[in-house]
file entry.txt (compact mmCIF, C-alpha atoms)
# COMPACT_ATOMS: atom_id res chain seq x y z
CA MET A 215 -48.24 52.18 12.52
CA GLU A 216 -49.85 50.49 9.53
CA GLU A 217 -46.69 48.44 8.91
CA ALA A 218 -46.26 47.63 12.60
CA LEU A 219 -49.83 46.34 12.88
CA ARG A 220 -49.05 43.73 10.24
CA TRP A 221 -46.58 42.17 12.67
CA LEU A 222 -49.31 41.37 15.20
CA PRO A 223 -50.26 37.68 15.47
CA GLU A 224 -53.42 36.70 13.65
CA PRO A 225 -56.22 34.37 14.80
CA ASP A 226 -55.62 30.69 14.00
CA THR A 227 -58.33 30.66 11.35
CA GLU A 228 -56.73 33.61 9.57
CA ASN A 229 -53.30 32.02 9.84
CA ALA A 230 -54.54 28.95 8.04
CA ALA A 231 -56.12 31.06 5.35
CA GLY A 232 -52.94 33.14 5.05
CA ALA A 233 -50.78 30.06 4.61
CA ASN A 234 -52.96 28.84 1.77
CA SER A 235 -52.95 32.24 0.12
CA LEU A 236 -49.21 32.02 -0.50
CA THR A 237 -49.66 29.11 -2.86
CA GLN A 238 -53.23 29.70 -4.03
CA LEU A 239 -53.40 33.37 -4.87
CA PRO A 240 -56.53 34.96 -6.37
CA ALA A 241 -56.50 36.65 -9.74
CA VAL A 242 -55.55 40.33 -9.65
CA SER A 243 -55.79 43.15 -12.18
CA ASP A 244 -52.87 44.73 -13.97
CA SER A 245 -52.60 48.37 -15.01
CA SER A 246 -54.78 47.74 -18.07
CA GLY A 247 -57.64 46.49 -15.90
CA GLN A 248 -57.46 42.94 -17.26
CA ALA A 249 -57.44 39.98 -14.92
CA GLN A 250 -53.97 38.60 -14.24
CA THR A 251 -53.82 34.95 -13.21
CA SER A 252 -51.28 33.55 -10.76
CA GLU A 253 -49.54 31.71 -13.64
CA GLU A 254 -48.72 35.06 -15.26
CA ARG A 255 -47.42 36.65 -12.08
CA PRO A 256 -43.67 36.73 -11.37
CA ARG A 257 -42.47 34.12 -8.88
CA VAL A 258 -40.51 35.36 -5.85
CA ILE A 259 -38.67 33.28 -3.24
CA VAL A 260 -38.40 34.85 0.22
CA ALA A 261 -35.78 33.47 2.62
CA ASP A 262 -35.64 34.56 6.26
CA ASP A 263 -35.20 32.49 9.41
CA ASN A 264 -37.33 34.94 11.42
CA ALA A 265 -40.91 33.72 11.08
CA ASP A 266 -42.43 37.17 11.67
CA MET A 267 -40.25 38.85 9.04
CA ARG A 268 -40.75 35.97 6.61
CA HIS A 269 -44.53 36.17 6.94
CA TYR A 270 -44.46 39.98 6.73
CA LEU A 271 -42.46 39.97 3.48
CA ALA A 272 -44.58 37.21 2.00
CA ARG A 273 -47.79 39.09 2.75
CA LEU A 274 -46.49 42.29 1.15
CA LEU A 275 -45.19 40.59 -1.98
CA SER A 276 -48.16 38.27 -2.43
CA GLU A 277 -50.29 41.25 -3.46
CA LYS A 278 -48.43 41.31 -6.80
CA TYR A 279 -46.36 38.14 -6.99
CA ASP A 280 -46.48 34.40 -6.39
CA VAL A 281 -44.45 33.95 -3.20
CA GLN A 282 -42.66 30.90 -1.85
CA ALA A 283 -41.33 31.55 1.68
CA VAL A 284 -38.53 29.41 3.17
CA ALA A 285 -36.39 29.57 6.33
CA ASP A 286 -32.83 28.79 5.17
CA GLY A 287 -30.47 28.91 2.19
CA ASN A 288 -30.54 25.20 1.46
CA ALA A 289 -34.32 25.39 1.15
CA VAL A 290 -33.88 28.17 -1.41
CA LEU A 291 -31.66 25.98 -3.58
CA ALA A 292 -34.15 23.11 -3.33
CA THR A 293 -37.03 25.42 -4.26
CA VAL A 294 -35.09 26.88 -7.21
CA ARG A 295 -34.70 23.35 -8.60
CA GLU A 296 -38.49 22.87 -8.42
CA ILE A 297 -39.55 26.25 -9.78
CA ARG A 298 -37.65 28.88 -11.75
CA PRO A 299 -38.16 32.08 -9.72
CA ASN A 300 -38.07 35.52 -11.26
CA LEU A 301 -36.43 36.99 -8.14
CA ILE A 302 -34.94 35.90 -4.80
CA LEU A 303 -35.21 38.03 -1.64
CA SER A 304 -32.92 36.61 1.03
CA ASP A 305 -31.67 37.59 4.46
CA VAL A 306 -27.88 37.45 4.86
CA MET A 307 -27.95 35.66 8.21
CA LEU A 308 -29.52 32.26 7.53
CA PRO A 309 -28.96 28.90 9.25
CA GLY A 310 -27.02 26.27 7.33
CA LEU A 311 -26.29 28.26 4.17
CA ASP A 312 -26.21 32.03 4.61
CA GLY A 313 -27.07 34.65 2.01
CA TYR A 314 -23.51 35.02 0.74
CA GLY A 315 -23.12 31.26 0.43
CA LEU A 316 -26.47 31.10 -1.36
CA VAL A 317 -25.47 33.58 -4.06
CA LYS A 318 -22.31 31.71 -5.11
CA PRO A 319 -23.91 28.47 -6.43
CA LEU A 320 -26.71 30.43 -8.06
CA ARG A 321 -24.25 32.61 -9.95
CA ALA A 322 -22.05 29.62 -10.84
CA SER A 323 -24.86 27.80 -12.67
CA ALA A 324 -25.82 28.87 -16.19
CA ALA A 325 -29.47 28.07 -15.43
CA THR A 326 -29.69 30.46 -12.45
CA ARG A 327 -26.98 33.08 -12.89
CA THR A 328 -29.38 35.70 -14.28
CA ILE A 329 -31.97 35.45 -11.47
CA PRO A 330 -32.10 38.82 -9.64
CA ILE A 331 -31.11 38.51 -5.97
CA ILE A 332 -31.73 41.06 -3.20
CA LEU A 333 -29.90 40.55 0.10
CA LEU A 334 -31.39 41.83 3.36
CA SER A 335 -29.18 42.66 6.32
CA ALA A 336 -29.16 44.65 9.56
CA ARG A 337 -25.53 45.60 8.87
CA ALA A 338 -25.46 49.14 7.51
CA GLY A 339 -22.55 51.01 6.02
CA GLU A 340 -20.83 51.11 2.64
CA GLU A 341 -18.46 48.25 3.42
CA SER A 342 -21.27 45.82 4.25
CA ARG A 343 -23.17 46.87 1.16
CA LEU A 344 -20.13 46.38 -1.06
CA ASP A 345 -19.50 42.96 0.51
CA GLY A 346 -23.02 41.96 -0.45
CA LEU A 347 -22.72 43.25 -4.00
CA ASP A 348 -19.27 41.67 -4.44
CA THR A 349 -20.78 38.22 -3.89
CA GLY A 350 -22.92 38.72 -7.00
CA ALA A 351 -26.15 40.03 -5.51
CA ASP A 352 -28.04 42.62 -7.55
CA ASP A 353 -29.11 44.76 -4.59
CA TYR A 354 -28.53 45.13 -0.85
CA LEU A 355 -31.28 46.39 1.45
CA VAL A 356 -30.54 47.44 5.03
CA LYS A 357 -33.01 46.69 7.82
CA PRO A 358 -35.19 48.35 8.90
CA PHE A 359 -36.64 49.34 5.54
CA SER A 360 -40.02 50.62 4.47
CA ALA A 361 -42.46 48.47 2.56
CA ARG A 362 -42.53 51.02 -0.27
CA GLU A 363 -38.75 50.95 -0.68
CA MET A 364 -38.63 47.16 -0.74
CA MET A 365 -41.47 46.90 -3.26
CA ALA A 366 -39.88 49.58 -5.46
CA ARG A 367 -36.56 47.72 -5.57
CA VAL A 368 -38.25 44.41 -6.34
CA GLN A 369 -40.28 45.96 -9.16
CA SER A 370 -37.18 47.70 -10.57
CA LEU A 371 -35.11 44.50 -10.65
CA LEU A 372 -37.94 42.51 -12.20
CA ARG A 373 -38.35 45.17 -14.87
CA LEU A 374 -34.62 45.14 -15.66
CA ALA A 375 -34.59 41.33 -15.77
CA ARG A 376 -37.49 41.33 -18.23
CA VAL A 377 -35.71 43.83 -20.50
CA ARG A 378 -32.52 41.75 -20.34
CA GLN A 379 -34.40 38.56 -21.24
CA GLU A 380 -36.06 40.29 -24.19
CA ALA A 381 -32.68 41.58 -25.40
CA GLU A 382 -31.10 38.13 -25.09
CA ALA A 383 -34.00 36.59 -27.00
CA ALA A 384 -33.55 39.17 -29.77
CA VAL A 385 -29.83 38.39 -30.00
CA ARG A 386 -30.53 34.66 -30.20
CA GLU A 387 -33.05 35.24 -32.98
CA VAL A 388 -30.59 37.30 -35.01
CA GLU A 389 -27.86 34.71 -34.47
CA GLU A 390 -30.15 31.90 -35.57
CA ARG A 391 -31.12 33.83 -38.71
CA PHE A 392 -27.43 34.39 -39.52
CA ARG A 393 -26.58 30.71 -39.03
CA THR A 394 -29.48 29.65 -41.26
CA MET A 395 -28.38 32.04 -43.99
CA ALA A 396 -24.69 31.06 -43.74
CA ASP A 397 -25.49 27.34 -43.81
CA ASN A 398 -27.44 27.72 -47.05
CA ILE A 399 -24.96 29.69 -49.18
CA PRO A 400 -22.64 27.84 -51.64
CA GLN A 401 -19.48 29.52 -50.31
CA LEU A 402 -17.32 28.29 -47.46
CA ALA A 403 -17.74 30.56 -44.45
CA TRP A 404 -16.17 30.77 -41.03
CA ILE A 405 -15.78 33.17 -38.14
CA ALA A 406 -12.35 33.94 -36.68
CA ASP A 407 -11.19 36.04 -33.76
CA ALA A 408 -9.63 39.41 -34.50
CA GLY A 409 -5.88 39.85 -34.17
CA THR A 410 -2.83 37.91 -35.31
CA GLU A 411 -4.02 34.60 -33.85
CA GLY A 412 -7.20 34.50 -35.92
CA GLN A 413 -8.53 31.43 -34.12
CA VAL A 414 -11.56 30.06 -35.97
CA HIS A 415 -14.51 29.25 -33.73
CA TRP A 416 -17.34 28.65 -36.22
CA PHE A 417 -17.74 27.06 -39.69
CA ASN A 418 -20.81 26.83 -41.88
CA GLN A 419 -22.18 23.46 -42.99
CA ASN A 420 -20.80 23.78 -46.52
CA TRP A 421 -17.28 23.93 -45.07
CA PHE A 422 -17.82 20.57 -43.35
CA ARG A 423 -19.28 19.06 -46.55
CA TYR A 424 -16.40 20.33 -48.68
CA THR A 425 -13.59 19.29 -46.34
CA GLY A 426 -15.23 16.09 -45.10
CA THR A 427 -14.24 16.92 -41.52
CA THR A 428 -16.19 17.43 -38.33
CA LEU A 429 -15.99 20.07 -35.67

call {"tool": "encode", "arguments": {"input": "entry.txt", "output": "structure tokens"}}
result
Amino acid sequence: MEEALRWLPEPDTENAAGANSLTQLPAVSDSSGQAQTSEERPRVIVADDNADMRHYLARLLSEKYDVQAVADGNAVLATVREIRPNLILSDVMLPGLDGYGLVKPLRASAATRTIPIILLSARAGEESRLDGLDTGADDYLVKPFSAREMMARVQSLLRLARVRQEAEAAVREVEERFRTMADNIPQLAWIADAGTEGQVHWFNQNWFRYTGTTL
């Protein structure tokens, strides 16, 4: 009943206030009790052509995240170019560009391929779920779903994405330290693939200085 009541239309004055709250969210507190500003909160894009469902999802998520709600797949791509979201929650059936068509360009671009994507659909069954995951989506949620389940999946994907980003940053740091060290030793150094081919794909700076060649 509590979830169903949220679907009821609101007075016009509250609608106006609700629309502003999606872009101007108040500060909230994290688990440590410290104030958390909207700039620190993860950004989530919600895409659904049903206005009631779109508003419902936005209201639920706006308690913890900065939410940008749109009505079609093309609007998602335009919004992604403006802001880098931490997660995308999209219905499969969208006008213009559907959820499956939305996932493909996002996964094809190096700038967006790691953004977690959850697809929403009324189509149940293992085959429909596998179709959604085969497109490159991270999760597939069947309607109707509970608010607690949706929030739990969003939080889980955001947590995994944060761990992945931290791991990638650590790898980049180690690689940069290795390159700095290798570029400052007097020896010639290079990295080659394993196997009989042994194709070289990296040389240190001293190799270029000694041979007088470029990459």

call {"tool": "residues_near_point", "arguments": {"input": "entry.txt", "point": "(-38.0, 40.6, -11.6)", "cutoff": "6 Å", "atoms": "all atoms listed in the file", "output": "list in words"}}
result
Asn300, Leu301, Leu371, Leu372, Arg373 and Ala375 of chain A

call {"tool": "closest_residue", "arguments": {"input": "entry.txt", "among": "A:Ile259, A:Ala283, A:His269, A:Arg376", "to": "Ile331 (chain A)", "atoms": "only C-alpha atoms"}}
result
A:Ile259

call {"tool": "residues_around", "arguments": {"input": "entry.txt", "residues": "region 284-289 of chain A", "least_positions_apart": "3", "cutoff": "8 Å", "atoms": "all atoms listed in the file", "output": "list in words"}}
result
Ile259, Val260, Ala261, Asp262, Asp263, Asn264, Ala265, Arg268, Ala292, Thr293, Leu308, Pro309, Gly310, Leu311, Asp312, Gly313, Gly315 and Leu316 of chain A

call {"tool": "atom_distance", "arguments": {"input": "entry.txt", "atom1": "CA of Val294 (chain A)", "atom2": "CA of Leu344 (chain A)"}}
result
25.3 Å

call {"tool": "atom_distance", "arguments": {"input": "entry.txt", "atom1": "CA of Arg273 (chain A)", "atom2": "CA of Gln369 (chain A)"}}
result
15.7 Å

call {"tool": "atom_distance", "arguments": {"input": "entry.txt", "atom1": "CA of Arg378 (chain A)", "atom2": "CA of Ala408 (chain A)"}}
result
27.0 Å

call {"tool": "closest_residue", "arguments": {"input": "entry.txt", "among": "A:Asp305, A:Tyr314, A:Glu389, A:Pro256", "to": "Leu355 (chain A)", "atoms": "only C-alpha atoms"}}
result
A:Asp305

call {"tool": "residues_around", "arguments": {"input": "entry.txt", "residues": "Val317 (chain A)", "least_positions_apart": "4", "cutoff": "7 Å", "atoms": "all atoms listed in the file", "output": "PyMOL selection string"}}
result
chain A and resi 313+321+349-351

call {"tool": "build_atoms", "arguments": {"input": "entry.txt", "residues": "region 308-330 of chain A", "atoms": "N, CA and C atoms", "output": "PDB file, in the coordinates of the input"}}
result
ATOM      1  N   LEU A 308     -28.625  33.407   7.627  1.00  0.00           N
ATOM      2  CA  LEU A 308     -29.520  32.260   7.530  1.00  0.00           C
ATOM      3  C   LEU A 308     -28.828  31.040   8.127  1.00  0.00           C
ATOM      4  N   PRO A 309     -29.574  30.133   8.734  1.00  0.00           N
ATOM      5  CA  PRO A 309     -28.960  28.900   9.250  1.00  0.00           C
ATOM      6  C   PRO A 309     -28.546  27.980   8.107  1.00  0.00           C
ATOM      7  N   GLY A 310     -27.488  27.210   8.349  1.00  0.00           N
ATOM      8  CA  GLY A 310     -27.020  26.270   7.330  1.00  0.00           C
ATOM      9  C   GLY A 310     -26.231  26.964   6.248  1.00  0.00           C
ATOM     10  N   LEU A 311     -26.913  27.542   5.289  1.00  0.00           N
ATOM     11  CA  LEU A 311     -26.290  28.260   4.170  1.00  0.00           C
ATOM     12  C   LEU A 311     -26.747  29.708   4.223  1.00  0.00           C
ATOM     13  N   ASP A 312     -25.808  30.632   4.478  1.00  0.00           N
ATOM     14  CA  ASP A 312     -26.210  32.030   4.610  1.00  0.00           C
ATOM     15  C   ASP A 312     -26.416  32.669   3.243  1.00  0.00           C
ATOM     16  N   GLY A 313     -26.767  33.963   3.264  1.00  0.00           N
ATOM     17  CA  GLY A 313     -27.070  34.650   2.010  1.00  0.00           C
ATOM     18  C   GLY A 313     -25.901  34.714   1.063  1.00  0.00           C
ATOM     19  N   TYR A 314     -24.687  34.971   1.600  1.00  0.00           N
ATOM     20  CA  TYR A 314     -23.510  35.020   0.740  1.00  0.00           C
ATOM     21  C   TYR A 314     -23.229  33.652   0.121  1.00  0.00           C
ATOM     22  N   GLY A 315     -23.340  32.609   0.944  1.00  0.00           N
ATOM     23  CA  GLY A 315     -23.120  31.260   0.430  1.00  0.00           C
ATOM     24  C   GLY A 315     -24.189  30.832  -0.553  1.00  0.00           C
ATOM     25  N   LEU A 316     -25.381  31.417  -0.448  1.00  0.00           N
ATOM     26  CA  LEU A 316     -26.470  31.100  -1.360  1.00  0.00           C
ATOM     27  C   LEU A 316     -26.221  31.688  -2.746  1.00  0.00           C
ATOM     28  N   VAL A 317     -25.666  32.899  -2.785  1.00  0.00           N
ATOM     29  CA  VAL A 317     -25.470  33.580  -4.060  1.00  0.00           C
ATOM     30  C   VAL A 317     -24.462  32.849  -4.939  1.00  0.00           C
ATOM     31  N   LYS A 318     -23.398  32.318  -4.338  1.00  0.00           N
ATOM     32  CA  LYS A 318     -22.310  31.710  -5.110  1.00  0.00           C
ATOM     33  C   LYS A 318     -22.776  30.577  -6.017  1.00  0.00           C
ATOM     34  N   PRO A 319     -23.487  29.540  -5.522  1.00  0.00           N
ATOM     35  CA  PRO A 319     -23.910  28.470  -6.430  1.00  0.00           C
ATOM     36  C   PRO A 319     -24.933  28.935  -7.457  1.00  0.00           C
ATOM     37  N   LEU A 320     -25.733  29.926  -7.102  1.00  0.00           N
ATOM     38  CA  LEU A 320     -26.710  30.430  -8.060  1.00  0.00           C
ATOM     39  C   LEU A 320     -26.026  31.153  -9.210  1.00  0.00           C
ATOM     40  N   ARG A 321     -24.973  31.896  -8.906  1.00  0.00           N
ATOM     41  CA  ARG A 321     -24.250  32.610  -9.950  1.00  0.00           C
ATOM     42  C   ARG A 321     -23.330  31.681 -10.742  1.00  0.00           C
ATOM     43  N   ALA A 322     -22.953  30.551 -10.145  1.00  0.00           N
ATOM     44  CA  ALA A 322     -22.050  29.620 -10.840  1.00  0.00           C
ATOM     45  C   ALA A 322     -22.777  28.773 -11.866  1.00  0.00           C
ATOM     46  N   SER A 323     -24.092  28.635 -11.749  1.00  0.00           N
ATOM     47  CA  SER A 323     -24.860  27.800 -12.670  1.00  0.00           C
ATOM     48  C   SER A 323     -25.425  28.646 -13.808  1.00  0.00           C
ATOM     49  N   ALA A 324     -25.296  28.142 -15.023  1.00  0.00           N
ATOM     50  CA  ALA A 324     -25.820  28.870 -16.190  1.00  0.00           C
ATOM     51  C   ALA A 324     -27.334  28.998 -16.136  1.00  0.00           C
ATOM     52  N   ALA A 325     -28.007  28.060 -15.482  1.00  0.00           N
ATOM     53  CA  ALA A 325     -29.470  28.070 -15.430  1.00  0.00           C
ATOM     54  C   ALA A 325     -30.007  29.122 -14.459  1.00  0.00           C
ATOM     55  N   THR A 326     -29.195  29.555 -13.489  1.00  0.00           N
ATOM     56  CA  THR A 326     -29.690  30.460 -12.450  1.00  0.00           C
ATOM     57  C   THR A 326     -28.906  31.751 -12.319  1.00  0.00           C
ATOM     58  N   ARG A 327     -27.865  31.928 -13.117  1.00  0.00           N
ATOM     59  CA  ARG A 327     -26.980  33.080 -12.890  1.00  0.00           C
ATOM     60  C   ARG A 327     -27.640  34.423 -13.178  1.00  0.00           C
ATOM     61  N   THR A 328     -28.732  34.430 -13.946  1.00  0.00           N
ATOM     62  CA  THR A 328     -29.380  35.700 -14.280  1.00  0.00           C
ATOM     63  C   THR A 328     -30.559  36.026 -13.368  1.00  0.00           C
ATOM     64  N   ILE A 329     -30.851  35.168 -12.380  1.00  0.00           N
ATOM     65  CA  ILE A 329     -31.970  35.450 -11.470  1.00  0.00           C
ATOM     66  C   ILE A 329     -31.597  36.626 -10.578  1.00  0.00           C
ATOM     67  N   PRO A 330     -32.400  37.690 -10.530  1.00  0.00           N
ATOM     68  CA  PRO A 330     -32.100  38.820  -9.640  1.00  0.00           C
ATOM     69  C   PRO A 330     -32.155  38.392  -8.176  1.00  0.00           C
TER      70      PRO A 330
END
